file structure-v9.cif (mmCIF, C-alpha atoms)
data_model
loop_
_atom_site.label_atom_id
_atom_site.label_comp_id
_atom_site.auth_asym_id
_atom_site.auth_seq_id
_atom_site.Cartn_x
_atom_site.Cartn_y
_atom_site.Cartn_z
CA MET A 397 26.54 -16.91 -42.25
CA ALA A 398 23.43 -14.80 -41.78
CA THR A 399 23.59 -12.30 -38.96
CA SER A 400 20.69 -10.51 -37.33
CA ILE A 401 20.07 -6.80 -37.68
CA VAL A 402 20.15 -6.72 -33.87
CA ASP A 403 23.84 -7.67 -33.92
CA PHE A 404 24.43 -5.21 -36.76
CA LEU A 405 22.86 -2.35 -34.79
CA GLU A 406 24.93 -3.22 -31.73
CA GLU A 407 28.12 -3.35 -33.75
CA LEU A 408 27.33 -0.10 -35.58
CA ASP A 409 26.85 1.63 -32.24
CA THR A 410 30.24 0.56 -30.92
CA ASN A 411 32.48 0.29 -33.99
CA SER A 412 33.37 3.60 -35.63
CA LYS A 413 35.03 1.94 -38.63
CA LEU A 414 31.88 -0.03 -39.38
CA MET A 415 29.81 3.15 -39.00
CA GLU A 416 32.06 5.01 -41.45
CA ALA A 417 31.71 2.16 -43.93
CA TYR A 418 27.94 2.12 -43.40
CA LYS A 419 27.65 5.86 -44.09
CA LYS A 420 29.51 5.42 -47.39
CA ASP A 421 27.69 2.26 -48.45
CA PRO A 422 24.75 1.27 -46.22
CA ILE A 423 23.52 -1.71 -48.22
CA GLY A 424 26.96 -3.09 -49.09
CA THR A 425 28.08 -2.82 -45.47
CA ALA A 426 24.92 -4.44 -44.14
CA ARG A 427 25.13 -7.23 -46.72
CA ALA A 428 28.80 -7.86 -45.95
CA PHE A 429 27.87 -8.08 -42.26
CA GLY A 430 25.47 -10.88 -43.15
CA LEU A 431 21.98 -9.41 -42.97
CA GLU A 432 19.14 -11.28 -44.67
CA ASP A 433 17.18 -9.79 -47.57
CA ASP A 434 14.14 -8.63 -45.55
CA GLU A 435 16.38 -6.74 -43.14
CA LEU A 436 18.44 -5.32 -45.99
CA ARG A 437 15.20 -4.02 -47.47
CA LEU A 438 14.53 -1.94 -44.33
CA ILE A 439 17.84 -0.20 -44.82
CA GLU A 440 17.46 0.12 -48.57
CA GLU A 441 14.02 1.71 -48.18
CA LYS A 442 15.17 3.77 -45.16
CA ASP A 443 12.10 2.50 -43.35
CA TRP A 444 13.17 3.90 -39.99
CA ASP A 445 9.61 3.92 -38.67
CA GLU A 446 9.48 0.15 -39.13
CA VAL A 447 12.93 -0.24 -37.58
CA LYS A 448 11.82 1.78 -34.55
CA ARG A 449 8.53 -0.13 -34.39
CA ARG A 450 10.44 -3.42 -34.27
CA PHE A 451 12.94 -2.42 -31.62
CA ASP A 452 11.76 0.60 -29.60
CA ASP A 453 8.80 0.43 -27.25
CA THR A 454 8.37 4.02 -26.20
CA SER A 455 5.18 3.16 -24.31
CA LYS A 456 7.63 1.90 -21.68
CA ALA A 457 9.91 4.92 -21.80
CA THR A 458 8.41 6.87 -18.90
CA ARG A 459 9.86 6.01 -15.53
CA VAL A 460 9.22 8.92 -13.22
CA ILE A 461 6.51 10.56 -11.17
CA ASN A 462 7.29 13.92 -9.66
CA TYR A 463 4.14 15.99 -9.40
CA MET B 933 30.26 -16.78 12.05
CA ASP B 934 27.49 -15.50 9.81
CA THR B 935 27.95 -17.32 6.50
CA ALA B 936 24.67 -16.15 4.95
CA LYS B 937 25.31 -14.50 1.61
CA LYS B 938 24.70 -10.78 1.80
CA GLY B 939 23.42 -9.18 -1.36
CA SER B 940 24.19 -5.85 -2.92
CA LEU B 941 22.65 -3.48 -5.43
CA THR B 942 24.34 -1.53 -8.19
CA VAL B 943 22.14 0.61 -10.40
CA VAL B 944 23.58 1.50 -13.79
CA GLY B 945 22.52 3.36 -16.91
CA THR B 946 22.98 1.80 -20.33
CA GLY B 947 22.83 5.11 -22.23
CA ILE B 948 20.26 6.27 -24.73
CA SER B 949 21.73 4.45 -27.71
CA VAL B 950 21.67 0.66 -27.80
CA ALA B 951 25.25 -0.12 -26.77
CA GLY B 952 27.82 2.61 -27.39
CA GLN B 953 26.97 4.83 -24.43
CA MET B 954 27.32 2.13 -21.79
CA THR B 955 30.30 2.92 -19.55
CA LEU B 956 33.01 0.31 -18.97
CA ALA B 957 32.07 0.26 -15.29
CA ALA B 958 28.38 -0.34 -16.05
CA LYS B 959 29.31 -3.16 -18.42
CA SER B 960 31.46 -4.80 -15.76
CA HIS B 961 28.73 -4.60 -13.12
CA ILE B 962 26.23 -6.14 -15.54
CA GLU B 963 28.65 -8.96 -16.39
CA ASN B 964 29.44 -9.78 -12.77
CA ALA B 965 25.97 -9.55 -11.20
CA ASP B 966 24.09 -12.64 -10.01
CA ILE B 967 20.98 -11.20 -11.61
CA VAL B 968 20.27 -8.16 -13.80
CA PHE B 969 16.94 -6.35 -13.94
CA MET B 970 16.41 -4.34 -17.11
CA GLY B 971 14.29 -1.25 -17.73
CA ILE B 972 15.53 -0.55 -21.23
CA MET B 973 12.49 -0.31 -23.57
CA ASN B 974 14.62 -1.23 -26.58
CA ARG B 975 15.05 -4.79 -27.81
CA VAL B 976 18.56 -4.23 -29.12
CA GLY B 977 19.62 -2.73 -25.80
CA GLU B 978 18.11 -5.70 -23.96
CA HIS B 979 19.95 -8.06 -26.32
CA VAL B 980 23.24 -6.33 -25.49
CA VAL B 981 22.65 -6.71 -21.74
CA LYS B 982 21.54 -10.35 -22.09
CA LYS B 983 24.74 -11.14 -24.00
CA LEU B 984 26.75 -9.68 -21.12
CA ASN B 985 24.73 -11.58 -18.51
CA PRO B 986 22.25 -14.30 -19.55
CA ASN B 987 20.51 -14.03 -16.17
CA SER B 988 18.85 -10.75 -17.15
CA ILE B 989 15.15 -10.13 -16.58
CA SER B 990 13.07 -7.31 -18.05
CA LEU B 991 11.01 -5.06 -15.80
CA ASP B 992 8.98 -3.76 -18.73
CA ASP B 993 6.31 -6.45 -18.38
CA LEU B 994 5.04 -4.47 -15.38
CA TYR B 995 3.73 -1.68 -17.63
CA GLU B 996 0.05 -2.03 -18.53
CA GLU B 997 -2.35 0.37 -20.20
CA GLY B 998 -4.86 1.51 -17.58
CA LYS B 999 -2.61 0.60 -14.64
CA SER B 1000 -1.12 3.42 -12.57
CA ARG B 1001 2.58 3.85 -13.22
CA ALA B 1002 2.90 4.55 -9.50
CA ILE B 1003 2.10 0.85 -8.98
CA THR B 1004 4.36 -0.21 -11.85
CA TYR B 1005 7.34 1.64 -10.38
CA ARG B 1006 6.69 0.28 -6.89
CA GLN B 1007 6.60 -3.25 -8.31
CA MET B 1008 9.86 -2.64 -10.17
CA ALA B 1009 11.52 -1.59 -6.92
CA ASP B 1010 9.89 -4.57 -5.13
CA ARG B 1011 11.50 -7.04 -7.56
CA ILE B 1012 14.90 -5.44 -7.24
CA VAL B 1013 14.81 -5.18 -3.44
CA GLN B 1014 13.53 -8.74 -3.00
CA ALA B 1015 16.37 -10.18 -5.08
CA VAL B 1016 18.92 -8.23 -3.05
CA ALA B 1017 17.31 -9.29 0.24
CA GLU B 1018 17.59 -12.92 -0.90
CA GLY B 1019 21.36 -12.48 -0.99
CA ASN B 1020 21.97 -11.78 -4.66
CA ASN B 1021 24.41 -9.26 -6.06
CA VAL B 1022 21.90 -7.39 -8.18
CA CYS B 1023 22.46 -4.99 -11.04
CA ALA B 1024 19.51 -2.84 -12.11
CA ALA B 1025 20.11 -1.49 -15.61
CA PHE B 1026 17.95 1.34 -16.89
CA TYR B 1027 18.31 3.05 -20.25
CA GLY B 1028 19.84 6.52 -20.17
CA HIS B 1029 21.17 7.63 -16.78
CA ALA B 1030 19.59 5.39 -14.15
CA GLY B 1031 19.11 8.31 -11.78
CA VAL B 1032 17.65 10.88 -14.18
CA PHE B 1033 13.85 10.79 -14.45
CA VAL B 1034 13.73 7.32 -12.91
CA THR B 1035 11.61 6.80 -9.79
CA PRO B 1036 12.16 3.04 -9.16
CA SER B 1037 15.97 3.26 -9.20
CA HIS B 1038 16.09 5.80 -6.40
CA ASP B 1039 13.37 3.96 -4.46
CA ALA B 1040 15.23 0.66 -4.72
CA ILE B 1041 18.48 2.20 -3.50
CA ARG B 1042 16.71 3.87 -0.57
CA ARG B 1043 14.93 0.66 0.45
CA VAL B 1044 18.03 -1.53 0.11
CA THR B 1045 20.06 0.95 2.14
CA GLU B 1046 17.37 0.90 4.85
CA LEU B 1047 17.92 -2.88 5.08
CA GLY B 1048 21.55 -2.17 5.92
CA ILE B 1049 22.74 -3.55 2.57
CA GLU B 1050 25.16 -1.83 0.23
CA ALA B 1051 23.54 0.02 -2.67
CA LYS B 1052 24.98 2.47 -5.14
CA MET B 1053 24.30 4.13 -8.48
CA LEU B 1054 26.75 4.69 -11.30
CA PRO B 1055 26.43 7.69 -13.64
CA GLY B 1056 25.37 7.14 -17.22
CA VAL B 1057 24.61 9.00 -20.44
CA SER B 1058 21.20 10.66 -20.18
CA ALA B 1059 18.84 12.10 -22.79
CA GLU B 1060 19.98 15.53 -21.63
CA ASP B 1061 23.56 14.63 -22.54
CA CYS B 1062 22.40 13.62 -26.03
CA LEU B 1063 20.35 16.80 -26.33
CA ILE B 1064 23.35 18.97 -25.47
CA ALA B 1065 25.48 17.18 -28.07
CA ASP B 1066 22.84 17.07 -30.83
CA LEU B 1067 21.57 20.65 -30.46
CA GLY B 1068 24.93 22.21 -29.61
CA ILE B 1069 23.51 23.77 -26.46
CA ASP B 1070 25.87 24.41 -23.57
CA PRO B 1071 23.67 24.58 -20.46
CA SER B 1072 26.14 26.99 -18.88
CA ARG B 1073 25.86 29.55 -21.72
CA PHE B 1074 22.65 31.13 -20.44
CA GLY B 1075 21.98 28.91 -17.47
CA CYS B 1076 19.33 26.27 -17.73
CA GLN B 1077 16.01 25.34 -16.17
CA SER B 1078 15.20 21.68 -16.67
CA TYR B 1079 11.94 20.18 -15.44
CA GLU B 1080 9.12 17.76 -16.10
CA ALA B 1081 6.12 19.25 -17.93
CA THR B 1082 3.29 18.02 -15.70
CA GLN B 1083 5.13 18.89 -12.49
CA PHE B 1084 5.65 22.40 -13.85
CA LEU B 1085 1.98 22.80 -14.75
CA PHE B 1086 0.71 21.50 -11.42
CA ARG B 1087 3.09 23.43 -9.15
CA ASP B 1088 3.87 27.09 -8.62
CA TYR B 1089 7.16 27.37 -10.50
CA ARG B 1090 8.70 30.39 -12.20
CA ILE B 1091 10.28 30.65 -15.63
CA ASP B 1092 13.39 32.72 -16.15
CA PRO B 1093 13.28 33.41 -19.92
CA TYR B 1094 16.95 34.37 -19.96
CA MET B 1095 17.77 30.75 -19.19
CA THR B 1096 17.38 27.85 -21.62
CA GLN B 1097 14.23 25.90 -20.75
CA ILE B 1098 14.36 22.11 -21.13
CA ILE B 1099 10.90 20.70 -20.53
CA TRP B 1100 10.67 16.91 -20.36
CA GLN B 1101 7.80 14.56 -21.07
CA ILE B 1102 5.64 17.05 -22.96
CA GLY B 1103 3.82 14.04 -24.42
CA LEU B 1104 2.27 13.57 -20.97
CA ALA B 1105 1.79 17.27 -20.18
CA GLY B 1106 -1.06 17.61 -17.70
CA GLU B 1107 -1.77 13.86 -17.60
CA ALA B 1108 -2.54 13.15 -13.93
CA SER B 1109 -3.95 9.62 -13.93
CA LEU B 1110 -0.55 7.98 -14.62
CA SER B 1111 -2.44 5.23 -16.39
CA VAL B 1112 -1.83 5.98 -20.08
CA LEU B 1113 1.11 4.70 -22.10
CA ASN B 1114 0.77 7.00 -25.10
CA ALA B 1115 1.02 10.69 -25.89
CA THR B 1116 -2.52 11.31 -27.08
CA HIS B 1117 -3.65 13.08 -23.91
CA SER B 1118 -1.24 16.01 -24.00
CA HIS B 1119 -3.20 18.62 -25.99
CA SER B 1120 -4.77 20.54 -23.11
CA GLY B 1121 -1.47 20.43 -21.24
CA LEU B 1122 0.40 21.78 -24.26
CA VAL B 1123 -2.16 24.59 -24.63
CA MET B 1124 -1.64 25.57 -21.00
CA LEU B 1125 2.15 25.30 -21.27
CA THR B 1126 2.10 27.50 -24.38
CA ASP B 1127 -0.01 30.12 -22.58
CA ILE B 1128 2.51 30.23 -19.75
CA LEU B 1129 5.47 30.46 -22.12
CA LEU B 1130 3.74 33.26 -24.06
CA GLN B 1131 3.87 35.36 -20.89
CA HIS B 1132 7.65 35.37 -21.30
CA TYR B 1133 8.40 34.91 -25.01
CA PRO B 1134 7.02 36.30 -28.28
CA ASP B 1135 4.72 33.95 -30.18
CA THR B 1136 7.32 33.84 -32.98
CA HIS B 1137 10.00 32.52 -30.60
CA GLU B 1138 11.53 29.38 -32.10
CA VAL B 1139 11.29 26.28 -29.93
CA ILE B 1140 12.58 22.78 -30.55
CA ILE B 1141 10.88 19.43 -30.06
CA TYR B 1142 13.72 16.97 -29.62
CA GLU B 1143 14.03 13.20 -29.49
CA ALA B 1144 17.38 11.50 -29.06
CA ALA B 1145 18.27 8.67 -31.44
CA THR B 1146 18.23 5.24 -29.84
CA LEU B 1147 19.31 3.32 -32.95
CA PRO B 1148 22.60 4.08 -34.73
CA ILE B 1149 21.02 4.08 -38.20
CA CYS B 1150 18.47 6.74 -37.19
CA GLU B 1151 19.06 10.45 -36.69
CA PRO B 1152 17.79 12.37 -33.67
CA SER B 1153 14.47 14.10 -34.28
CA ILE B 1154 14.90 17.90 -34.18
CA GLN B 1155 11.68 19.72 -35.02
CA LYS B 1156 11.85 23.53 -34.98
CA ILE B 1157 8.54 25.36 -34.67
CA THR B 1158 7.36 28.71 -33.40
CA LEU B 1159 5.92 28.94 -29.93
CA CYS B 1160 2.42 29.65 -31.27
CA GLU B 1161 2.52 26.32 -33.13
CA LEU B 1162 3.24 24.31 -29.97
CA PRO B 1163 -0.42 23.48 -29.11
CA HIS B 1164 -0.71 21.70 -32.47
CA ALA B 1165 2.43 19.62 -31.99
CA LYS B 1166 2.19 15.83 -31.84
CA PRO B 1167 4.83 14.82 -29.32
CA THR B 1168 5.69 11.26 -28.40
CA LEU B 1169 6.51 9.91 -24.95
CA ILE B 1170 10.19 10.64 -25.56
CA SER B 1171 9.75 14.22 -26.84
CA THR B 1172 11.48 17.06 -25.01
CA LEU B 1173 10.76 20.75 -25.53
CA VAL B 1174 13.69 23.16 -25.67
CA VAL B 1175 12.95 26.87 -25.39
CA PRO B 1176 16.07 28.86 -26.24
CA SER B 1177 17.06 31.78 -24.04
CA LEU B 1178 16.12 35.36 -24.84
CA GLY B 1179 19.82 36.12 -24.34
CA LEU B 1180 21.94 37.17 -21.40
CA PRO B 1181 20.19 39.44 -18.90
CA ALA B 1182 21.55 42.89 -18.03
CA TYR B 1183 24.39 43.20 -15.57
CA ARG B 1184 23.43 43.80 -11.94
CA GLN B 1185 25.14 47.12 -11.29
CA ASP B 1186 24.47 46.92 -7.54
CA ARG B 1187 26.29 43.59 -7.22
CA LEU B 1188 29.18 44.69 -9.40
CA SER B 1189 29.51 47.85 -7.35
CA ALA B 1190 29.45 45.89 -4.08
CA LEU B 1191 32.33 43.81 -5.47
CA GLY B 1192 34.24 46.96 -6.42
CA LEU B 1193 33.71 46.43 -10.14
CA THR B 1194 32.16 48.32 -13.03
CA GLU B 1195 30.33 46.87 -16.03
CA GLN B 1196 33.08 48.09 -18.35
CA GLN B 1197 35.72 46.40 -16.23
CA VAL B 1198 34.09 42.98 -16.39
CA ILE B 1199 33.50 43.39 -20.13
CA ASP B 1200 37.18 44.19 -20.57
CA TYR B 1201 38.20 41.22 -18.41
CA ARG B 1202 35.88 39.01 -20.43
CA HIS B 1203 37.27 40.21 -23.78
CA PRO B 1204 40.97 40.96 -23.26
CA LYS B 1205 42.74 42.77 -26.08
CA THR B 1206 45.50 40.87 -27.84
CA ASN B 1207 48.55 42.66 -29.26
#
call {"tool": "encode", "arguments": {"input": "structure-v9.cif", "output": "structure tokens"}}
result
Amino acid sequence: MATSIVDFLEELDTNSKLMEAYKKDPIGTARAFGLEDDELRLIEEKDWDEVKRRFDDTSKATRVINY
Amino acid sequence: MDTAKKGSLTVVGTGISVAGQMTLAAKSHIENADIVFMGIMNRVGEHVVKKLNPNSISLDDLYEEGKSRAITYRQMADRIVQAVAEGNNVCAAFYGHAGVFVTPSHDAIRRVTELGIEAKMLPGVSAEDCLIADLGIDPSRFGCQSYEATQFLFRDYRIDPYMTQIIWQIGLAGEASLSVLNATHSHSGLVMLTDILLQHYPDTHEVIIYEAATLPICEPSIQKITLCELPHAKPTLISTLVVPSLGLPAYRQDRLSALGLTEQQVIDYRHPKTN
């Protein structure tokens, strides 16, 4: 069953065994987890800028006023 | 008997990474809240919180280009306080540590407490914690001064170059309007900050522009440049400047003497000989 990269990122962040497997074989681990081809391509091409663009919104990162 | 439901507020941090830095206590409070307000800025992090509690609402829609963040933060606190006042057990979940560089979390706790309703904050993993781990900097080694860039520029602060400087939000250095949501207005602030730092450090002093990793497949960004290159840097809104210490300062002979000690004695105590 296909699984979203969102679930994969969550699991990677909390499962050290999965992270070890990912470091040794990123594509194989992501494929075994169930990622679809377009998401596998992000990992294969190490397109971290696109990954960040999809998931991080740093325009909303600032939360303080002190001056 | 008063049977009206009395609300409560617990403010938690979800960590900098998307899931792994959330404490067990924070997770439990998210799961058990009537309603969760999220200030997380990361879709994976929001997904994690929504899985724990489907009644989770983002606060990030309150950000708008051209709108003062002072208003945005007040509205965030308004939403949180209103839900508590209506009798809900509310959890406000902010990325990082909810009390570090977060105005609306502290405001919400203050306002809820003023209503006579229980409010508390739980500690979390902040960007500073990630910075310490990623750069291998122990803030106790040389002491540490940690401050927000614009506040430092606008106010009459002093730098101690023997301490590690951690300067936050350099992507907004000198930006007073509070109405921009990008880091393209920081050049003049960075020039001024560099001039101030050059009063204390050589222009060849190595400084670090750091960004913690939010996603587990990405590495933290650690950019080492010389101080004279800082005005040309292109920081983002999550960039932090680290200025390493010049080293330990000299011993204060007067204080040692007043304590009945000599410099050689404390050096010997610090480095005992082994047989």
call {"tool": "atom_distance", "arguments": {"input": "structure-v9.cif", "atom1": "atom CA of Ile401 of chain A", "atom2": "atom CA of Glu435 of chain A"}}
result
6.6 Å
call {"tool": "residues_around", "arguments": {"input": "structure-v9.cif", "residues": "Asp1092 of chain B", "least_positions_apart": "5", "cutoff": "12 Å", "atoms": "only C-alpha atoms", "output": "PDB file with C-alpha atoms, in the frame of the given file"}}
result
ATOM      1  CA  PHE B1074      22.650  31.130 -20.440  1.00  0.00           C
ATOM      2  CA  GLY B1075      21.980  28.910 -17.470  1.00  0.00           C
ATOM      3  CA  CYS B1076      19.330  26.270 -17.730  1.00  0.00           C
ATOM      4  CA  GLN B1077      16.010  25.340 -16.170  1.00  0.00           C
ATOM      5  CA  SER B1078      15.200  21.680 -16.670  1.00  0.00           C
ATOM      6  CA  GLN B1097      14.230  25.900 -20.750  1.00  0.00           C
ATOM      7  CA  ILE B1098      14.360  22.110 -21.130  1.00  0.00           C
ATOM      8  CA  ILE B1128       2.510  30.230 -19.750  1.00  0.00           C
ATOM      9  CA  LEU B1129       5.470  30.460 -22.120  1.00  0.00           C
ATOM     10  CA  GLN B1131       3.870  35.360 -20.890  1.00  0.00           C
ATOM     11  CA  HIS B1132       7.650  35.370 -21.300  1.00  0.00           C
ATOM     12  CA  TYR B1133       8.400  34.910 -25.010  1.00  0.00           C
ATOM     13  CA  VAL B1175      12.950  26.870 -25.390  1.00  0.00           C
ATOM     14  CA  PRO B1176      16.070  28.860 -26.240  1.00  0.00           C
ATOM     15  CA  SER B1177      17.060  31.780 -24.040  1.00  0.00           C
ATOM     16  CA  LEU B1178      16.120  35.360 -24.840  1.00  0.00           C
ATOM     17  CA  GLY B1179      19.820  36.120 -24.340  1.00  0.00           C
ATOM     18  CA  LEU B1180      21.940  37.170 -21.400  1.00  0.00           C
ATOM     19  CA  PRO B1181      20.190  39.440 -18.900  1.00  0.00           C
TER      20      PRO B1181
END
call {"tool": "closest_atom_pairs", "arguments": {"input": "structure-v9.cif", "of": "chain A", "to": "chain B", "cutoff": "9 Å", "atoms": "all atoms listed in the file", "output": "CSV"}}
result
residue,atom,partner,partner_atom,distance
A:Val402,CA,B:Val976,CA,5.6
A:Asp403,CA,B:Val976,CA,7.9
A:Leu405,CA,B:Pro1148,CA,6.4
A:Glu406,CA,B:Ala951,CA,5.9
A:Glu407,CA,B:Ala951,CA,8.2
A:Leu408,CA,B:Pro1148,CA,6.4
A:Asp409,CA,B:Gly952,CA,5.0
A:Thr410,CA,B:Gly952,CA,4.7
A:Asn411,CA,B:Gly952,CA,8.4
A:Met415,CA,B:Pro1148,CA,8.4
A:Tyr418,CA,B:Ile1149,CA,8.9
A:Ile439,CA,B:Ile1149,CA,8.5
A:Trp444,CA,B:Cys1150,CA,6.6
A:Val447,CA,B:Leu1147,CA,8.6
A:Lys448,CA,B:Leu1147,CA,7.8
A:Arg450,CA,B:Arg975,CA,8.1
A:Phe451,CA,B:Arg975,CA,5.0
A:Asp452,CA,B:Asn974,CA,4.5
A:Asp453,CA,B:Met973,CA,5.3
A:Thr454,CA,B:Leu1169,CA,6.3
A:Ser455,CA,B:Leu1113,CA,4.9
A:Lys456,CA,B:Met973,CA,5.7
A:Ala457,CA,B:Met973,CA,6.1
A:Thr458,CA,B:Leu1169,CA,7.0
A:Arg459,CA,B:Val1034,CA,4.9
A:Val460,CA,B:Thr1035,CA,4.7
A:Ile461,CA,B:Thr1035,CA,6.5
A:Asn462,CA,B:Gln1083,CA,6.1
A:Tyr463,CA,B:Gln1083,CA,4.4
call {"tool": "residues_around", "arguments": {"input": "structure-v9.cif", "residues": "Ser1058 of chain B", "least_positions_apart": "4", "cutoff": "8 Å", "atoms": "all atoms listed in the file", "output": "PyMOL selection string"}}
result
chain B and resi 947-948+1028-1029+1032+1062
call {"tool": "atom_distance", "arguments": {"input": "structure-v9.cif", "atom1": "atom CA of Gln1007 of chain B", "atom2": "atom CA of Leu941 of chain B"}}
result
16.3 Å
call {"tool": "atom_distance", "arguments": {"input": "structure-v9.cif", "atom1": "atom CA of Ser400 of chain A", "atom2": "atom CA of Ser960 of chain B"}}
result
24.8 Å
call {"tool": "closest_residue", "arguments": {"input": "structure-v9.cif", "among": "B:Thr1194, B:Gln1014, B:Thr1158, B:Ser1072", "to": "Leu1047 of chain B", "atoms": "all atoms listed in the file"}}
result
B:Gln1014
call {"tool": "residues_near_point", "arguments": {"input": "structure-v9.cif", "point": "(13.8, -3.4, -13.5)", "cutoff": "7 Å", "atoms": "all atoms listed in the file", "output": "list in words"}}
result
Phe969, Met970, Gly971, Ser990, Leu991, Met1008, Ile1012, Ala1024 and Ala1025 of chain B
call {"tool": "residues_around", "arguments": {"input": "structure-v9.cif", "residues": "Leu436 of chain A", "least_positions_apart": "5", "cutoff": "10 Å", "atoms": "only C-alpha atoms", "output": "list in words"}}
result
Ile401, Pro422, Ile423, Gly424, Thr425, Ala426, Arg427, Gly430, Leu431, Glu441 and Lys442 of chain A
call {"tool": "resolve_selection", "arguments": {"input": "structure-v9.cif", "expression": "the PyMOL selection byres ((chain B and resi 1044) around 9)", "output": "PDB file with C-alpha atoms, in the frame of the given file"}}
result
ATOM      1  CA  SER B 940      24.190  -5.850  -2.920  1.00  0.00           C
ATOM      2  CA  LEU B 941      22.650  -3.480  -5.430  1.00  0.00           C
ATOM      3  CA  ILE B1012      14.900  -5.440  -7.240  1.00  0.00           C
ATOM      4  CA  VAL B1013      14.810  -5.180  -3.440  1.00  0.00           C
ATOM      5  CA  VAL B1016      18.920  -8.230  -3.050  1.00  0.00           C
ATOM      6  CA  ALA B1017      17.310  -9.290   0.240  1.00  0.00           C
ATOM      7  CA  ASP B1039      13.370   3.960  -4.460  1.00  0.00           C
ATOM      8  CA  ALA B1040      15.230   0.660  -4.720  1.00  0.00           C
ATOM      9  CA  ILE B1041      18.480   2.200  -3.500  1.00  0.00           C
ATOM     10  CA  ARG B1042      16.710   3.870  -0.570  1.00  0.00           C
ATOM     11  CA  ARG B1043      14.930   0.660   0.450  1.00  0.00           C
ATOM     12  CA  THR B1045      20.060   0.950   2.140  1.00  0.00           C
ATOM     13  CA  GLU B1046      17.370   0.900   4.850  1.00  0.00           C
ATOM     14  CA  LEU B1047      17.920  -2.880   5.080  1.00  0.00           C
ATOM     15  CA  GLY B1048      21.550  -2.170   5.920  1.00  0.00           C
ATOM     16  CA  ILE B1049      22.740  -3.550   2.570  1.00  0.00           C
ATOM     17  CA  GLU B1050      25.160  -1.830   0.230  1.00  0.00           C
ATOM     18  CA  ALA B1051      23.540   0.020  -2.670  1.00  0.00           C
TER      19      ALA B1051
END
call {"tool": "resolve_selection", "arguments": {"input": "structure-v9.cif", "expression": "the PyMOL selection byres ((chain B and resi 1161) around 12)", "output": "PyMOL selection string"}}
result
chain B and resi 1119+1122-1123+1125-1127+1130+1134-1141+1155-1160+1162-1166
call {"tool": "resolve_selection", "arguments": {"input": "structure-v9.cif", "expression": "the PyMOL selection byres ((chain B and resi 1142) around 7)", "output": "ChimeraX atom specification"}}
result
/B:1140-1141,1143-1144,1153-1155,1171-1173
call {"tool": "closest_residue", "arguments": {"input": "structure-v9.cif", "among": "B:Glu1060, B:Pro1167, B:Gly1031, B:Ile1199", "to": "Gly1103 of chain B", "atoms": "only C-alpha atoms"}}
result
B:Pro1167
